[in-house]
Amino acid sequence: MQSDQPAAIGLIGLGMMGQGMGSNLLRRGFRLTVAAHRSRAGADRLAGEGAAVVDGPRAVAAASDVVVLCVPGSPQVEETVLGESGLLAGARPGMVVVDCSTSEPSSTDRVAAAVTAAGGRFADAPLARTPVEAEAGKLNTMVGADDDTMAIIRPVLEAFCENIFHVGPVGAGHKMKLVNNFLAMGQATLIAEAFTACSAVGVPLEKLFEVISAGGANSGIFRMVAGAAKDGDLDGMRFGIGNAAKDLGYYTRMTDAVPLTGNLGHAVRHALVEARNLGFAESLVGHLIAAQAQVNGRAAPGST
């Protein structure tokens, strides 16, 4: 990358998070190349803002110094990087791959080794916060990378992140993100069960919210999920149950490999898988409340 001109950035994964990330990269003056998806909405939006659109990962790699991935999980990362028409098939010498997905650490090790063997650099930089912050350029990221790679990618991450935490070497970012998501989804599942308990024993939800908000059990997750749910809105947290179940699967496999007993992690995963299997896979995490209500024969907030 030359200091007298914007770096050439590739972006693969133009979902709710990726579109905002791409917009912020363009606003910061980076030259951006994106890969079209089955749905062209994200590619068309970013093309209208100045991005170049190509057919797939190999073409993105050929045009980019740094490629940012924001895809659903490790299978998609492996196919994007290692596939026959993947990034490594078209990589420039010294290309940096930054995986902003929530990926499984064992897979991250394999992908990072392949990128390094091909003469590139790798960093894992999973994201926290929501598509709202992606649009505003105020995401959080926790980065696993060596110091030299961190110095290269920091200006890129600064385009769409408010807080950048360098948490250790390659792989450390994904490990940290899985622990983060265990804590966040653990709170969401507790809230869902608490709402069902309130329904069963006659505690008004607005009183639950009032009491918890004033005490030690209060948290950002509680306010986000319960603050909307008490009024019948289960969409207060913009994160899907299907993705949450996937992440907790990664978390429990990581802790099982240590091994740890991991009882609570498995319990949280069970609640998410149960909700997914009840038909809530495409619903947001607040709908864990509806899933718990369904299992227990109770009415969810806002239902008629």
# chains A, B, ... in the order shown; residues from 1 in each chain; ligands from 1
>>> select_by_dssp(residues="range 51-102 of chain A", states="alpha helix (DSSP H)", output="ChimeraX atom specification")
/A:57-62,74-82
>>> write_last_selection(atoms="N, CA and C atoms", output="compact mmCIF listing (two decimals), in the first residue's frame")
# COMPACT_ATOMS: atom_id res chain seq x y z
N PRO A 57 -14.65 -13.91 -5.35
CA PRO A 57 -13.47 -13.66 -4.51
C PRO A 57 -12.16 -13.55 -5.29
N ARG A 58 -11.97 -14.40 -6.30
CA ARG A 58 -10.71 -14.35 -7.06
C ARG A 58 -10.51 -12.97 -7.69
N ALA A 59 -11.57 -12.42 -8.24
CA ALA A 59 -11.47 -11.09 -8.86
C ALA A 59 -11.29 -10.00 -7.82
N VAL A 60 -11.90 -10.16 -6.65
CA VAL A 60 -11.68 -9.20 -5.56
C VAL A 60 -10.22 -9.20 -5.16
N ALA A 61 -9.64 -10.38 -5.00
CA ALA A 61 -8.24 -10.48 -4.59
C ALA A 61 -7.32 -9.81 -5.59
N ALA A 62 -7.58 -9.99 -6.87
CA ALA A 62 -6.72 -9.44 -7.91
C ALA A 62 -6.70 -7.92 -7.88
N SER A 74 -17.54 -19.94 9.45
CA SER A 74 -16.33 -20.59 8.96
C SER A 74 -16.49 -21.31 7.62
N PRO A 75 -17.59 -22.02 7.35
CA PRO A 75 -17.68 -22.66 6.02
C PRO A 75 -17.58 -21.65 4.88
N GLN A 76 -18.22 -20.50 5.06
CA GLN A 76 -18.17 -19.47 4.02
C GLN A 76 -16.78 -18.84 3.93
N VAL A 77 -16.13 -18.66 5.09
CA VAL A 77 -14.76 -18.12 5.08
C VAL A 77 -13.84 -19.08 4.33
N GLU A 78 -13.91 -20.36 4.63
CA GLU A 78 -13.02 -21.33 4.00
C GLU A 78 -13.26 -21.38 2.49
N GLU A 79 -14.50 -21.37 2.07
CA GLU A 79 -14.79 -21.39 0.64
C GLU A 79 -14.30 -20.11 -0.03
N THR A 80 -14.49 -18.96 0.63
CA THR A 80 -14.09 -17.68 0.05
C THR A 80 -12.58 -17.57 -0.09
N VAL A 81 -11.85 -18.09 0.87
CA VAL A 81 -10.39 -17.97 0.84
C VAL A 81 -9.74 -19.12 0.08
N LEU A 82 -10.18 -20.34 0.36
CA LEU A 82 -9.47 -21.53 -0.11
C LEU A 82 -10.09 -22.19 -1.32
>>> residues_around(residues="range 133-137 of chain A", least_positions_apart="4", cutoff="10 Å", atoms="only C-alpha atoms", output="tab-separated table (two decimals) with C-alpha atoms, in the first residue's frame")
chain	number	residue	atom	x	y	z
A	16	MET	CA	-26.68	-5.83	7.13
A	17	MET	CA	-23.19	-5.17	8.53
A	18	GLY	CA	-21.16	-5.26	5.32
A	19	GLN	CA	-23.08	-2.57	3.51
A	20	GLY	CA	-22.47	-0.02	6.25
A	21	MET	CA	-18.81	-1.02	6.45
A	22	GLY	CA	-18.45	-0.54	2.70
A	23	SER	CA	-20.06	2.88	2.78
A	24	ASN	CA	-17.68	4.03	5.46
A	25	LEU	CA	-14.64	2.73	3.58
A	127	LEU	CA	-17.23	-7.27	15.14
A	128	ALA	CA	-19.55	-6.25	17.93
A	129	ARG	CA	-22.56	-3.92	17.94
A	157	LEU	CA	-10.62	-0.81	10.62
A	158	GLU	CA	-10.80	2.83	11.74
A	159	ALA	CA	-13.08	3.51	8.76
A	160	PHE	CA	-15.93	1.55	10.32
A	161	CYS	CA	-14.95	0.96	13.97
A	162	GLU	CA	-15.12	3.25	16.96
>>> residues_around(residues="range 282-297 of chain A", least_positions_apart="2", cutoff="7 Å", atoms="only C-alpha atoms", output="PyMOL selection string")
chain A and resi 189+192-193+195-196+225+234-242+275+280+299-300
>>> write_last_selection(atoms="all heavy atoms", output="compact mmCIF listing (two decimals), in the first residue's frame")
# COMPACT_ATOMS: atom_id res chain seq x y z
N THR A 189 -30.96 -15.21 26.92
CA THR A 189 -31.74 -16.39 27.30
C THR A 189 -32.28 -16.25 28.73
O THR A 189 -33.41 -16.69 29.01
CB THR A 189 -30.91 -17.67 27.17
OG1 THR A 189 -29.73 -17.58 27.96
CG2 THR A 189 -30.51 -17.92 25.73
N ALA A 192 -35.33 -14.07 28.47
CA ALA A 192 -36.48 -14.80 27.93
C ALA A 192 -37.14 -15.66 28.99
O ALA A 192 -38.38 -15.68 29.11
CB ALA A 192 -36.03 -15.67 26.75
N GLU A 193 -36.33 -16.36 29.78
CA GLU A 193 -36.90 -17.19 30.82
C GLU A 193 -37.55 -16.34 31.91
O GLU A 193 -38.61 -16.70 32.45
CB GLU A 193 -35.83 -18.10 31.42
CG GLU A 193 -36.41 -19.14 32.38
CD GLU A 193 -35.44 -20.26 32.70
OE1 GLU A 193 -34.75 -20.73 31.76
OE2 GLU A 193 -35.41 -20.69 33.87
N PHE A 195 -38.98 -13.42 31.52
CA PHE A 195 -40.26 -12.92 31.02
C PHE A 195 -41.33 -14.00 31.13
O PHE A 195 -42.48 -13.72 31.50
CB PHE A 195 -40.11 -12.46 29.57
CG PHE A 195 -39.81 -11.00 29.43
CD1 PHE A 195 -38.75 -10.42 30.11
CD2 PHE A 195 -40.59 -10.19 28.60
CE1 PHE A 195 -38.47 -9.06 29.98
CE2 PHE A 195 -40.32 -8.84 28.46
CZ PHE A 195 -39.27 -8.27 29.15
N THR A 196 -40.96 -15.25 30.82
CA THR A 196 -41.93 -16.34 30.93
C THR A 196 -42.31 -16.57 32.38
O THR A 196 -43.49 -16.80 32.70
CB THR A 196 -41.34 -17.63 30.33
OG1 THR A 196 -40.96 -17.38 28.98
CG2 THR A 196 -42.34 -18.76 30.36
N VAL A 225 -33.03 -5.64 24.93
CA VAL A 225 -34.02 -6.70 24.70
C VAL A 225 -35.30 -6.42 25.49
O VAL A 225 -36.41 -6.36 24.93
CB VAL A 225 -33.45 -8.08 25.07
CG1 VAL A 225 -34.52 -9.16 24.94
CG2 VAL A 225 -32.25 -8.41 24.19
N LEU A 234 -40.37 -7.50 20.04
CA LEU A 234 -39.31 -8.48 20.27
C LEU A 234 -38.10 -8.28 19.36
O LEU A 234 -37.21 -9.11 19.32
CB LEU A 234 -39.87 -9.89 20.09
CG LEU A 234 -41.05 -10.26 21.01
CD1 LEU A 234 -41.46 -11.70 20.78
CD2 LEU A 234 -40.70 -10.02 22.48
N ASP A 235 -38.05 -7.15 18.65
CA ASP A 235 -36.97 -6.88 17.71
C ASP A 235 -35.97 -5.86 18.23
O ASP A 235 -35.28 -5.19 17.47
CB ASP A 235 -37.54 -6.38 16.37
CG ASP A 235 -38.29 -7.46 15.62
OD1 ASP A 235 -38.08 -8.66 15.92
OD2 ASP A 235 -39.10 -7.12 14.72
N GLY A 236 -35.84 -5.77 19.55
CA GLY A 236 -34.99 -4.74 20.12
C GLY A 236 -33.51 -4.97 19.95
O GLY A 236 -32.72 -4.03 20.05
N MET A 237 -33.09 -6.19 19.68
CA MET A 237 -31.67 -6.49 19.48
C MET A 237 -31.49 -7.06 18.08
O MET A 237 -32.05 -8.10 17.75
CB MET A 237 -31.17 -7.49 20.53
CG MET A 237 -29.68 -7.76 20.43
SD MET A 237 -29.13 -8.88 21.75
CE MET A 237 -27.37 -8.90 21.43
N ARG A 238 -30.71 -6.37 17.25
CA ARG A 238 -30.61 -6.72 15.84
C ARG A 238 -29.57 -7.82 15.61
O ARG A 238 -28.50 -7.62 15.04
CB ARG A 238 -30.25 -5.48 15.01
CG ARG A 238 -31.17 -4.31 15.20
CD ARG A 238 -32.57 -4.59 14.70
NE ARG A 238 -32.63 -4.80 13.26
CZ ARG A 238 -33.73 -5.15 12.61
NH1 ARG A 238 -34.86 -5.35 13.27
NH2 ARG A 238 -33.70 -5.31 11.31
N PHE A 239 -29.92 -9.01 16.07
CA PHE A 239 -29.05 -10.18 15.89
C PHE A 239 -29.94 -11.40 15.81
O PHE A 239 -30.85 -11.58 16.62
CB PHE A 239 -28.06 -10.30 17.06
CG PHE A 239 -27.01 -11.35 16.87
CD1 PHE A 239 -26.17 -11.33 15.77
CD2 PHE A 239 -26.84 -12.37 17.80
CE1 PHE A 239 -25.19 -12.28 15.58
CE2 PHE A 239 -25.86 -13.33 17.63
CZ PHE A 239 -25.03 -13.29 16.52
N GLY A 240 -29.70 -12.24 14.80
CA GLY A 240 -30.61 -13.34 14.52
C GLY A 240 -30.36 -14.58 15.37
O GLY A 240 -29.22 -14.89 15.73
N ILE A 241 -31.43 -15.29 15.67
CA ILE A 241 -31.34 -16.51 16.48
C ILE A 241 -30.52 -17.58 15.77
O ILE A 241 -29.72 -18.29 16.40
CB ILE A 241 -32.75 -17.01 16.83
CG1 ILE A 241 -33.36 -16.11 17.92
CG2 ILE A 241 -32.72 -18.47 17.31
CD1 ILE A 241 -34.80 -16.40 18.25
N GLY A 242 -30.67 -17.72 14.46
CA GLY A 242 -29.88 -18.71 13.74
C GLY A 242 -28.39 -18.45 13.86
O GLY A 242 -27.60 -19.38 14.10
N ALA A 275 -35.10 -22.74 20.05
CA ALA A 275 -35.85 -21.67 19.38
C ALA A 275 -35.72 -21.79 17.87
O ALA A 275 -36.71 -21.63 17.13
CB ALA A 275 -35.34 -20.32 19.86
N PHE A 280 -37.86 -20.22 14.67
CA PHE A 280 -37.43 -18.85 14.92
C PHE A 280 -36.04 -18.56 14.36
O PHE A 280 -35.42 -17.55 14.73
CB PHE A 280 -37.44 -18.55 16.42
CG PHE A 280 -38.81 -18.52 17.04
CD1 PHE A 280 -39.35 -19.66 17.64
CD2 PHE A 280 -39.59 -17.37 17.01
CE1 PHE A 280 -40.61 -19.64 18.22
CE2 PHE A 280 -40.85 -17.34 17.58
CZ PHE A 280 -41.37 -18.48 18.19
N ALA A 299 -48.54 -16.86 26.63
CA ALA A 299 -48.62 -15.84 25.58
C ALA A 299 -47.39 -14.95 25.66
O ALA A 299 -46.98 -14.51 26.73
CB ALA A 299 -49.88 -14.99 25.75
N ALA A 300 -46.76 -14.69 24.50
CA ALA A 300 -45.62 -13.79 24.44
C ALA A 300 -46.10 -12.35 24.49
O ALA A 300 -47.24 -12.05 24.12
CB ALA A 300 -44.83 -14.04 23.17
>>> residues_around(residues="Tyr250 in chain A", least_positions_apart="4", cutoff="12 Å", atoms="only C-alpha atoms", output="list in words")
Gly73, Ser74, Pro75, Thr102, Ser103, Glu104, Pro105, Ser106, Ser107, Thr108, His174, Lys175, Met176, Lys177, Leu178, Val179, Asn181, Phe182, Asn243, Ala244, Ala245, Lys246, Met254, Thr255, Asp256, Ala257, Gly265, His266 and Arg269 of chain A
>>> write_last_selection(atoms="N, CA and C atoms", output="short mmCIF file (atom, residue, chain, number, x, y, z; two decimals), in the first residue's frame")
data_model
loop_
_atom_site.label_atom_id
_atom_site.label_comp_id
_atom_site.auth_asym_id
_atom_site.auth_seq_id
_atom_site.Cartn_x
_atom_site.Cartn_y
_atom_site.Cartn_z
N GLY A 73 -20.03 -17.41 8.54
CA GLY A 73 -19.28 -18.27 9.45
C GLY A 73 -18.14 -18.97 8.75
N SER A 74 -17.54 -19.94 9.45
CA SER A 74 -16.33 -20.59 8.96
C SER A 74 -16.49 -21.31 7.62
N PRO A 75 -17.59 -22.02 7.35
CA PRO A 75 -17.68 -22.66 6.02
C PRO A 75 -17.58 -21.65 4.88
N THR A 102 -17.72 -13.95 12.48
CA THR A 102 -17.56 -14.72 13.71
C THR A 102 -17.28 -16.16 13.30
N SER A 103 -16.02 -16.56 13.44
CA SER A 103 -15.56 -17.84 12.91
C SER A 103 -15.08 -18.75 14.02
N GLU A 104 -14.93 -20.03 13.68
CA GLU A 104 -14.49 -21.03 14.65
C GLU A 104 -12.97 -21.04 14.72
N PRO A 105 -12.38 -20.93 15.91
CA PRO A 105 -10.93 -20.79 16.02
C PRO A 105 -10.13 -21.88 15.32
N SER A 106 -10.59 -23.11 15.36
CA SER A 106 -9.84 -24.17 14.69
C SER A 106 -9.79 -23.95 13.18
N SER A 107 -10.87 -23.43 12.61
CA SER A 107 -10.91 -23.09 11.20
C SER A 107 -10.02 -21.89 10.92
N THR A 108 -10.06 -20.91 11.80
CA THR A 108 -9.21 -19.73 11.64
C THR A 108 -7.74 -20.12 11.54
N HIS A 174 -11.13 -14.14 17.38
CA HIS A 174 -12.29 -15.03 17.30
C HIS A 174 -12.59 -15.70 18.64
N LYS A 175 -11.56 -16.04 19.38
CA LYS A 175 -11.80 -16.62 20.71
C LYS A 175 -12.50 -15.60 21.61
N MET A 176 -12.01 -14.37 21.59
CA MET A 176 -12.64 -13.33 22.40
C MET A 176 -14.08 -13.09 21.99
N LYS A 177 -14.34 -13.09 20.68
CA LYS A 177 -15.70 -12.84 20.20
C LYS A 177 -16.66 -13.93 20.66
N LEU A 178 -16.21 -15.17 20.67
CA LEU A 178 -17.09 -16.25 21.11
C LEU A 178 -17.42 -16.14 22.59
N VAL A 179 -16.44 -15.74 23.39
CA VAL A 179 -16.73 -15.50 24.81
C VAL A 179 -17.68 -14.33 24.95
N ASN A 181 -19.94 -13.34 22.83
CA ASN A 181 -21.29 -13.73 22.41
C ASN A 181 -21.94 -14.69 23.39
N PHE A 182 -21.14 -15.52 24.04
CA PHE A 182 -21.68 -16.36 25.11
C PHE A 182 -22.27 -15.49 26.22
N ASN A 243 -27.98 -17.20 13.71
CA ASN A 243 -26.57 -16.86 13.86
C ASN A 243 -26.10 -17.06 15.29
N ALA A 244 -26.95 -16.72 16.25
CA ALA A 244 -26.58 -16.90 17.65
C ALA A 244 -26.37 -18.37 17.97
N ALA A 245 -27.24 -19.24 17.46
CA ALA A 245 -27.08 -20.68 17.68
C ALA A 245 -25.78 -21.18 17.07
N LYS A 246 -25.45 -20.68 15.88
CA LYS A 246 -24.18 -21.05 15.24
C LYS A 246 -23.00 -20.63 16.12
N MET A 254 -15.23 -24.98 21.19
CA MET A 254 -13.97 -24.42 21.67
C MET A 254 -13.71 -24.81 23.12
N THR A 255 -14.72 -24.68 23.97
CA THR A 255 -14.51 -25.00 25.38
C THR A 255 -14.44 -26.51 25.62
N ASP A 256 -15.17 -27.30 24.83
CA ASP A 256 -15.08 -28.76 24.95
C ASP A 256 -13.67 -29.25 24.62
N ALA A 257 -12.99 -28.55 23.70
CA ALA A 257 -11.66 -28.99 23.27
C ALA A 257 -10.59 -28.73 24.32
N GLY A 265 -22.61 -22.78 28.95
CA GLY A 265 -22.53 -22.60 27.51
C GLY A 265 -23.43 -23.56 26.77
N HIS A 266 -23.45 -24.81 27.19
CA HIS A 266 -24.32 -25.79 26.55
C HIS A 266 -25.79 -25.48 26.79
N ARG A 269 -26.69 -22.63 24.42
CA ARG A 269 -26.82 -23.18 23.06
C ARG A 269 -28.12 -23.96 22.92
#
>>> closest_residue(among="A:Asn140, A:Ile152, A:Ser39, A:Gly227", to="Gly94 in chain A", atoms="only C-alpha atoms")
A:Ile152
>>> closest_residue(among="A:Ala91, A:Leu26, A:Ala117, A:Ala112", to="Val66 in chain A", atoms="only C-alpha atoms")
A:Ala91
>>> residues_around(residues="Asp146 in chain A", least_positions_apart="3", cutoff="10 Å", atoms="only C-alpha atoms", output="VMD selection string")
chain A and resid 121 to 123 143 149 to 151 166 168 to 170
>>> atom_distance(atom1="CA of Ser64 in chain A", atom2="CA of Gly10 in chain A")
5.4 Å
>>> closest_residue(among="A:Pro204, A:Pro126, A:Gly48, A:Gly279", to="Gly171 in chain A", atoms="only C-alpha atoms")
A:Pro126
>>> residues_around(residues="Val67 in chain A", least_positions_apart="4", cutoff="6 Å", atoms="only C-alpha atoms", output="JSON list (two decimals) with N, CA, C and O atoms, in the first residue's frame")
[["chain", "number", "residue", "atom", "x", "y", "z"],
["A", 9, "ILE", "N", -9.05, -1.76, -1.30],
["A", 9, "ILE", "CA", -9.71, -2.64, -0.33],
["A", 9, "ILE", "C", -10.74, -3.49, -1.05],
["A", 9, "ILE", "O", -11.51, -3.00, -1.88],
["A", 10, "GLY", "N", -10.78, -4.76, -0.71],
["A", 10, "GLY", "CA", -11.85, -5.64, -1.16],
["A", 10, "GLY", "C", -12.78, -5.94, 0.01],
["A", 10, "GLY", "O", -12.34, -5.99, 1.16],
["A", 11, "LEU", "N", -14.04, -6.13, -0.29],
["A", 11, "LEU", "CA", -15.03, -6.45, 0.74],
["A", 11, "LEU", "C", -15.93, -7.56, 0.22],
["A", 11, "LEU", "O", -16.54, -7.43, -0.85],
["A", 97, "VAL", "N", -5.64, -10.59, 4.45],
["A", 97, "VAL", "CA", -7.01, -11.04, 4.62],
["A", 97, "VAL", "C", -7.43, -10.71, 6.05],
["A", 97, "VAL", "O", -6.75, -11.13, 7.00]]
>>> atom_distance(atom1="CA of Glu206 in chain A", atom2="CA of Ala229 in chain A")
9.6 Å
>>> closest_residue(among="A:Leu272, A:Val156, A:Val54, A:Val96", to="Arg27 in chain A", atoms="only C-alpha atoms")
A:Val156
>>> closest_residue(among="A:Arg276, A:Gly216, A:Leu32, A:Val68", to="Ala51 in chain A", atoms="only C-alpha atoms")
A:Leu32
>>> closest_residue(among="A:Val268, A:Ala172, A:Ala125, A:Ala43", to="Gly249 in chain A", atoms="only C-alpha atoms")
A:Val268
>>> residues_around(residues="range 210-214 of chain A", least_positions_apart="4", cutoff="12 Å", atoms="only C-alpha atoms", output="list in words")
Ile191, Ala194, Val203, Pro204, Leu205, Glu206, Asn218, Ser219, Gly220, Ile221, Phe222, Arg223, Met224, Ala226, Gly227 and Lys230 of chain A
>>> write_last_selection(atoms="all heavy atoms", output="JSON list (two decimals), in the first residue's frame")
[["chain", "number", "residue", "atom", "x", "y", "z"],
["A", 191, "ILE", "N", -33.15, -13.41, 30.10],
["A", 191, "ILE", "CA", -34.26, -12.47, 29.97],
["A", 191, "ILE", "C", -35.50, -13.19, 29.46],
["A", 191, "ILE", "O", -36.62, -12.98, 29.97],
["A", 191, "ILE", "CB", -33.87, -11.32, 29.03],
["A", 191, "ILE", "CG1", -32.79, -10.45, 29.68],
["A", 191, "ILE", "CG2", -35.10, -10.46, 28.68],
["A", 191, "ILE", "CD1", -32.06, -9.55, 28.70],
["A", 194, "ALA", "N", -36.94, -15.20, 32.24],
["A", 194, "ALA", "CA", -37.51, -14.32, 33.25],
["A", 194, "ALA", "C", -38.86, -13.76, 32.81],
["A", 194, "ALA", "O", -39.80, -13.64, 33.62],
["A", 194, "ALA", "CB", -36.54, -13.17, 33.56],
["A", 203, "VAL", "N", -46.20, -11.26, 37.53],
["A", 203, "VAL", "CA", -45.40, -10.05, 37.73],
["A", 203, "VAL", "C", -45.49, -9.19, 36.47],
["A", 203, "VAL", "O", -45.16, -9.66, 35.37],
["A", 203, "VAL", "CB", -43.93, -10.39, 38.01],
["A", 203, "VAL", "CG1", -43.07, -9.13, 38.03],
["A", 203, "VAL", "CG2", -43.79, -11.16, 39.31],
["A", 204, "PRO", "N", -45.94, -7.93, 36.57],
["A", 204, "PRO", "CA", -46.04, -7.07, 35.39],
["A", 204, "PRO", "C", -44.66, -6.82, 34.78],
["A", 204, "PRO", "O", -43.69, -6.53, 35.48],
["A", 204, "PRO", "CB", -46.64, -5.77, 35.93],
["A", 204, "PRO", "CG", -47.29, -6.15, 37.22],
["A", 204, "PRO", "CD", -46.45, -7.26, 37.78],
["A", 205, "LEU", "N", -44.58, -6.90, 33.46],
["A", 205, "LEU", "CA", -43.30, -6.75, 32.79],
["A", 205, "LEU", "C", -42.72, -5.36, 32.97],
["A", 205, "LEU", "O", -41.49, -5.19, 33.08],
["A", 205, "LEU", "CB", -43.45, -7.06, 31.30],
["A", 205, "LEU", "CG", -43.84, -8.50, 30.96],
["A", 205, "LEU", "CD1", -43.96, -8.67, 29.44],
["A", 205, "LEU", "CD2", -42.82, -9.49, 31.52],
["A", 206, "GLU", "N", -43.57, -4.33, 33.01],
["A", 206, "GLU", "CA", -43.04, -2.98, 33.20],
["A", 206, "GLU", "C", -42.41, -2.82, 34.58],
["A", 206, "GLU", "O", -41.44, -2.07, 34.76],
["A", 206, "GLU", "CB", -44.13, -1.92, 32.98],
["A", 206, "GLU", "CG", -45.31, -1.96, 33.93],
["A", 206, "GLU", "CD", -46.42, -2.90, 33.47],
["A", 206, "GLU", "OE1", -46.18, -3.72, 32.55],
["A", 206, "GLU", "OE2", -47.53, -2.80, 34.03],
["A", 218, "ASN", "N", -28.83, -4.89, 35.86],
["A", 218, "ASN", "CA", -29.03, -4.08, 34.66],
["A", 218, "ASN", "C", -27.84, -4.22, 33.72],
["A", 218, "ASN", "O", -26.71, -4.45, 34.15],
["A", 218, "ASN", "CB", -29.20, -2.62, 35.05],
["A", 218, "ASN", "CG", -29.67, -1.76, 33.89],
["A", 218, "ASN", "OD1", -30.32, -2.25, 32.98],
["A", 218, "ASN", "ND2", -29.35, -0.48, 33.93],
["A", 219, "SER", "N", -28.09, -4.11, 32.43],
["A", 219, "SER", "CA", -27.01, -4.18, 31.43],
["A", 219, "SER", "C", -27.53, -3.60, 30.12],
["A", 219, "SER", "O", -28.73, -3.39, 29.94],
["A", 219, "SER", "CB", -26.58, -5.63, 31.20],
["A", 219, "SER", "OG", -27.61, -6.36, 30.53],
["A", 220, "GLY", "N", -26.59, -3.36, 29.21],
["A", 220, "GLY", "CA", -26.99, -2.91, 27.89],
["A", 220, "GLY", "C", -27.87, -3.92, 27.18],
["A", 220, "GLY", "O", -28.83, -3.55, 26.50],
["A", 221, "ILE", "N", -27.55, -5.21, 27.32],
["A", 221, "ILE", "CA", -28.37, -6.25, 26.70],
["A", 221, "ILE", "C", -29.77, -6.24, 27.29],
["A", 221, "ILE", "O", -30.76, -6.35, 26.57],
["A", 221, "ILE", "CB", -27.72, -7.64, 26.90],
["A", 221, "ILE", "CG1", -26.34, -7.69, 26.22],
["A", 221, "ILE", "CG2", -28.63, -8.75, 26.37],
["A", 221, "ILE", "CD1", -26.37, -7.64, 24.73],
["A", 222, "PHE", "N", -29.86, -6.10, 28.62],
["A", 222, "PHE", "CA", -31.18, -6.08, 29.24],
["A", 222, "PHE", "C", -32.01, -4.92, 28.72],
["A", 222, "PHE", "O", -33.18, -5.09, 28.35],
["A", 222, "PHE", "CB", -31.06, -5.99, 30.77],
["A", 222, "PHE", "CG", -32.40, -5.94, 31.47],
["A", 222, "PHE", "CD1", -33.13, -7.10, 31.64],
["A", 222, "PHE", "CD2", -32.93, -4.73, 31.91],
["A", 222, "PHE", "CE1", -34.39, -7.06, 32.25],
["A", 222, "PHE", "CE2", -34.17, -4.68, 32.51],
["A", 222, "PHE", "CZ", -34.90, -5.84, 32.69],
["A", 223, "ARG", "N", -31.43, -3.75, 28.67],
["A", 223, "ARG", "CA", -32.20, -2.59, 28.20],
["A", 223, "ARG", "C", -32.60, -2.76, 26.74],
["A", 223, "ARG", "O", -33.70, -2.37, 26.34],
["A", 223, "ARG", "CB", -31.38, -1.30, 28.39],
["A", 223, "ARG", "CG", -31.16, -0.94, 29.85],
["A", 223, "ARG", "CD", -30.59, 0.47, 30.01],
["A", 223, "ARG", "NE", -29.29, 0.61, 29.35],
["A", 223, "ARG", "CZ", -28.14, 0.31, 29.92],
["A", 223, "ARG", "NH1", -28.11, -0.18, 31.16],
["A", 223, "ARG", "NH2", -27.01, 0.48, 29.28],
["A", 224, "MET", "N", -31.69, -3.32, 25.93],
["A", 224, "MET", "CA", -31.97, -3.49, 24.50],
["A", 224, "MET", "C", -33.10, -4.48, 24.27],
["A", 224, "MET", "O", -34.03, -4.22, 23.48],
["A", 224, "MET", "CB", -30.69, -3.96, 23.80],
["A", 224, "MET", "CG", -30.70, -3.84, 22.30],
["A", 224, "MET", "SD", -29.16, -4.50, 21.56],
["A", 224, "MET", "CE", -27.92, -3.53, 22.43],
["A", 226, "ALA", "N", -35.17, -6.25, 26.80],
["A", 226, "ALA", "CA", -36.34, -6.13, 27.66],
["A", 226, "ALA", "C", -37.04, -4.80, 27.50],
["A", 226, "ALA", "O", -38.27, -4.71, 27.63],
["A", 226, "ALA", "CB", -35.94, -6.34, 29.13],
["A", 227, "GLY", "N", -36.27, -3.74, 27.22],
["A", 227, "GLY", "CA", -36.89, -2.43, 27.07],
["A", 227, "GLY", "C", -37.92, -2.39, 25.96],
["A", 227, "GLY", "O", -38.96, -1.73, 26.08],
["A", 230, "LYS", "N", -40.99, -5.45, 26.76],
["A", 230, "LYS", "CA", -42.05, -5.17, 27.74],
["A", 230, "LYS", "C", -43.24, -4.48, 27.08],
["A", 230, "LYS", "O", -44.37, -4.54, 27.58],
["A", 230, "LYS", "CB", -41.52, -4.30, 28.88],
["A", 230, "LYS", "CG", -41.13, -2.89, 28.50],
["A", 230, "LYS", "CD", -40.62, -2.11, 29.70],
["A", 230, "LYS", "CE", -40.09, -0.73, 29.31],
["A", 230, "LYS", "NZ", -41.08, 0.12, 28.61]]
>>> decode(residues="range 148-172 of chain A", atoms="C-alpha atoms", output="short mmCIF file (atom, residue, chain, number, x, y, z; two decimals), in the first residue's frame")
data_model
loop_
_atom_site.label_atom_id
_atom_site.label_comp_id
_atom_site.auth_asym_id
_atom_site.auth_seq_id
_atom_site.Cartn_x
_atom_site.Cartn_y
_atom_site.Cartn_z
CA ASP A 148 3.12 -5.52 11.79
CA THR A 149 -0.20 -6.72 10.35
CA MET A 150 -2.06 -4.69 12.95
CA ALA A 151 -0.29 -1.54 11.80
CA ILE A 152 -1.30 -2.23 8.20
CA ILE A 153 -4.97 -2.86 8.89
CA ARG A 154 -5.63 -0.28 11.61
CA PRO A 155 -6.49 2.55 9.16
CA VAL A 156 -8.91 0.21 7.39
CA LEU A 157 -10.62 -0.81 10.62
CA GLU A 158 -10.80 2.83 11.74
CA ALA A 159 -13.08 3.51 8.76
CA PHE A 160 -15.93 1.55 10.32
CA CYS A 161 -14.95 0.96 13.97
CA GLU A 162 -15.12 3.25 16.96
CA ASN A 163 -13.23 0.91 19.30
CA ILE A 164 -10.39 -1.34 18.14
CA PHE A 165 -9.02 -3.87 20.63
CA HIS A 166 -5.82 -5.69 19.71
CA VAL A 167 -6.33 -8.73 21.92
CA GLY A 168 -3.45 -10.98 20.86
CA PRO A 169 -2.00 -13.04 17.99
CA VAL A 170 -3.95 -14.61 15.14
CA GLY A 171 -6.97 -16.47 16.51
CA ALA A 172 -7.31 -14.40 19.67
#
